[in-house]
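Worksheet for the structure shown next.
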Number of protein chains: 2
Amino acid sequence: VLAPGATIGILGGGQLGRMLSLAAARLGFDCHIYTPEENSPAARVSARQTVAAYDDEAALKRFAQQVDVVTFEFENVPAAALRALTGSGKPVFPQAASLAVAQDRVDEKEFFARLAIPTAPFAPVNSRAELDAALDKFGAPAILKTRRLGYDGKGQARIMAREDAPAALKAIGAHPAILEGFAKFDTEISIVAARSRTGEFAAYQAVENRHEDGILRTTTAPASVAMGIAVQAQKYTQAIMEALSHVGVLTVEFFVMPDGKLWANEFAPRVHNSGHWTEDGAMTSQFEQHIRAVAGWPLGSTAIVSKVEMTNLIGADADRWQSYAADPEMRVHLYGKGDARPGRKMGHVNRLFPRK
Amino acid sequence: VLAPGATIGILGGGQLGRMLSLAAARLGFDCHIYTPEENSPAARVSARQTVAAYDDEAALKRFAQQVDVVTFEFENVPAAALRALTGSGKPVFPQAASLAVAQDRVDEKEFFARLAIPTAPFAPVNSRAELDAALDKFGAPAILKTRRLGYDGKGQARIMAREDAPAALKAIGAHPAILEGFAKFDTEISIVAARSRTGEFAAYQAVENRHEDGILRTTTAPASVAMGIAVQAQKYTQAIMEALSHVGVLTVEFFVMPDGKLWANEFAPRVHNSGHWTEDGAMTSQFEQHIRAVAGWPLGSTAIVSKVEMTNLIGADADRWQSYAADPEMRVHLYGKGDARPGRKMGHVNRLFPRK
């Protein structure tokens, strides 16, 4: 158990690291950010930083020596970096298994299958022949994705009809891939949950997500799905976290199919954009919850205190900060990023719906 | 109007500066902390710091050049420091008038009197003869206080009977003083309010404070006083802020007397311990509200979202962090101070009372 005053090491300097650091500060911890980026959003609110590449094993070891626990704001931690950190003797949460499974879309889908959690049909694709065979098996429409390193719709190509296959292969480049059958879902929901170092589990209520151009646009908490569906999603999430012996926050995205069944889409072994509503709508934010878990603290209450609609501010959306700031029902969260490039997540707003 | 990405300069590195910095970060601002203390609670969550004495005019000028607005976590800013900052050309909020009046208990009481706001009877005391004359006028019990630099019960001595007078004078030392008649109040309440750069005013609901050994122990929000009393307290607070053309948060402590009248006790031209409940119980925290005001933003909503009981963790109280962290109705706030000296404010907890 880490006492207040201890130092939390966080790999990654983006907005998730920033919000983790702010939450850790509230509990009396110092944070040390490891990132290749100078002047990163997370380092600017943290006690210490190391600016170095993720494959700089010497820097990683020095970093581990200076902190009391290591955690991550992203799952694509290179395997060599992970080895350098775990070899340091300092606790590292989540553990390697959670990252390894989440880094590969085929491993992830096979992991879901082993836990009897339904998914869209899928097949690994390493060649045009394998792509054709997969399309024979479950047809178009389907989505071709790189197995590794995709996010926010990147590394993906839709195949609406068989003749799209060559263009799709070209679009994602010469990478090991996966073909996933298109899920004609009613709703997309996600579960953000945490597991402590003692195995305690706590899930937030299911929330409903709407994407635009492959990027999360809004999350509504709680989701307006039947109680049975929400509870099933929490059970699947718990099974995933137990199977991984995961410590920290983990998020699972599900499709709610027309027959009421859930298909797992993917999981992220970390705090998640669809959990940003918890900062203003839950008794404990997902960021504090993650810090509690990795620090060996008891988990906080996941009780909902207000219905919330979270909207991401993407690219030039953030230029409208003045109108958001003037809305008495909005809580504004900005990440301190200078350059509002198209598609870049600059902040989010939580609209609260006070109970009457 | 400061856009996100601007830098807020904060004089003072304690917990109030820390919580101001955390709130500013959420709005996308960077903070630069000016403090004589190495490794201060506020600097450890801020982008930049200057470690220098409060009377180092050259350092103050350099600091002002590097920020977009200057504000304070405390009112006892030396006059020379204030001149160095205001001479820099950068906006400084709150302005000198608010600090000057708050720094001197006699000036403060006379200021209340000019606004027709009742107070305990008082008299300036510079000698034994003046003390005796004041005791002749309004009798014991009374409290002898230094005019300047008192806080948390420091620089004060009670006079229960006339024969205590010499000991009281000795206890506070050879400082200009004030004798205040003892207020036999029913309740102590405070109003935390903000005024924007455009003169917009917004007050939080009145809260009830309980002190122990001269230090705030608990704040209950909202106060259980009659609506008329709470509204009168807000009106007095607004009159104070208008008279000072104050920009930022300001807090006024009042005694509620047995006849239902309010006596102003003192004001602090800043965020205040009795406003810590707003972090978890109000739509906008007092810290964000202060940042909004000094940055030229519109004020946020002061609507209450949950009834709260705030308890300060003083000295060894903070050792019980594990039991607070395990309570699902508590939100824990720790300041990152290493040394839990008796009487030192180490953190606070907000107990939330969810509406049924």
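Residues are referred to by chain and number: the chain letter is A, B, ... according to the order shown in the structure tokens, the number counts from 1 in that chain, and ligands are numbered separately from 1 in the order shown.
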
Restrict the distance test to only C-alpha atoms, flag each residue of chain B within 7 Å of chain A, and return the flagged residues as a ChimeraX atom specification. /B:4-5,22,26-29,44-47,298,300-301,325-326,328,332-336,338

Which residues are near B:Glu130? Cut-off 12 Å, only C-alpha atoms, ignore same chain within fewer than 4 positions. Put them as a count of residues only. 16

Can you pull out every residue from stretch 274-351 of chain B that DSSP, working from the backbone, puts in strand (DSSP E), and format the result as a VMD selection string? chain B and resid 307 to 314 330 to 334 345 to 351

May I have all residues of stretch 65-169 of chain A that DSSP, computed from the backbone, assigns to helix (DSSP H, G or I), given as a PyMOL selection string? chain A and resi 65+79-86+96-102+105-114+128-138+162-169

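Going from atom CA of A:Gly14 to atom CA of A:Ala97 covers 23.1 Å.
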
Interatomic distance (Å, one decimal) between atom CA of A:Arg270 and atom CA of A:Thr187: 22.3 Å

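Taking only C-alpha atoms, the non-local environment of A:Pro121 within 8 Å (same-chain residues fewer than 6 positions away omitted) comprises Phe138, Glu180 and Gly181 of chain A.
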
Which residue of A:Leu244, A:Met227, A:Ala193, A:Leu262 approaches A:Thr278 most closely, using only C-alpha atoms: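 Smallest separation from A:Thr278 among the options: A:Ala193.
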
Residue contacts of A:Arg105 (8 Å, only C-alpha atoms) excluding same-chain residues fewer than 5 positions away, as an mmCIF file with N, CA and C atoms, in the first residue's frame:
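Below is the file selection25.cif, written as the result:
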```
data_model
loop_
_atom_site.group_PDB
_atom_site.id
_atom_site.type_symbol
_atom_site.label_atom_id
_atom_site.label_comp_id
_atom_site.auth_asym_id
_atom_site.auth_seq_id
_atom_site.Cartn_x
_atom_site.Cartn_y
_atom_site.Cartn_z
ATOM 1 N N THR A 146 -5.521 -3.458 -39.023
ATOM 2 C CA THR A 146 -4.209 -3.963 -38.609
ATOM 3 C C THR A 146 -4.366 -4.639 -37.244
ATOM 4 N N ARG A 147 -3.586 -5.706 -37.021
ATOM 5 C CA ARG A 147 -3.680 -6.384 -35.723
ATOM 6 C C ARG A 147 -3.210 -5.474 -34.605
ATOM 7 N N ARG A 148 -2.220 -4.627 -34.916
ATOM 8 C CA ARG A 148 -1.553 -3.845 -33.867
ATOM 9 C C ARG A 148 -1.625 -2.351 -34.158
ATOM 10 N N ILE A 178 -6.578 -8.328 -39.410
ATOM 11 C CA ILE A 178 -7.730 -9.125 -38.999
ATOM 12 C C ILE A 178 -8.913 -8.644 -39.810
ATOM 13 N N GLU A 266 -13.808 -4.466 -28.256
ATOM 14 C CA GLU A 266 -12.398 -4.460 -27.852
ATOM 15 C C GLU A 266 -12.303 -3.987 -26.417
#
```

Using only C-alpha atoms, which of the listed residues (A:Ala282, A:Val252, A:Ala293, A:Arg217) sits closest to A:Leu313? A:Arg217

Hey, which of A:Phe201, A:Phe63, A:Tyr236, A:Phe182 ends up closest to A:His290? Count only C-alpha atoms. A:Phe201

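Interatomic distance, atom CA of A:Thr311 to atom CA of A:Glu288: 20.7 Å.
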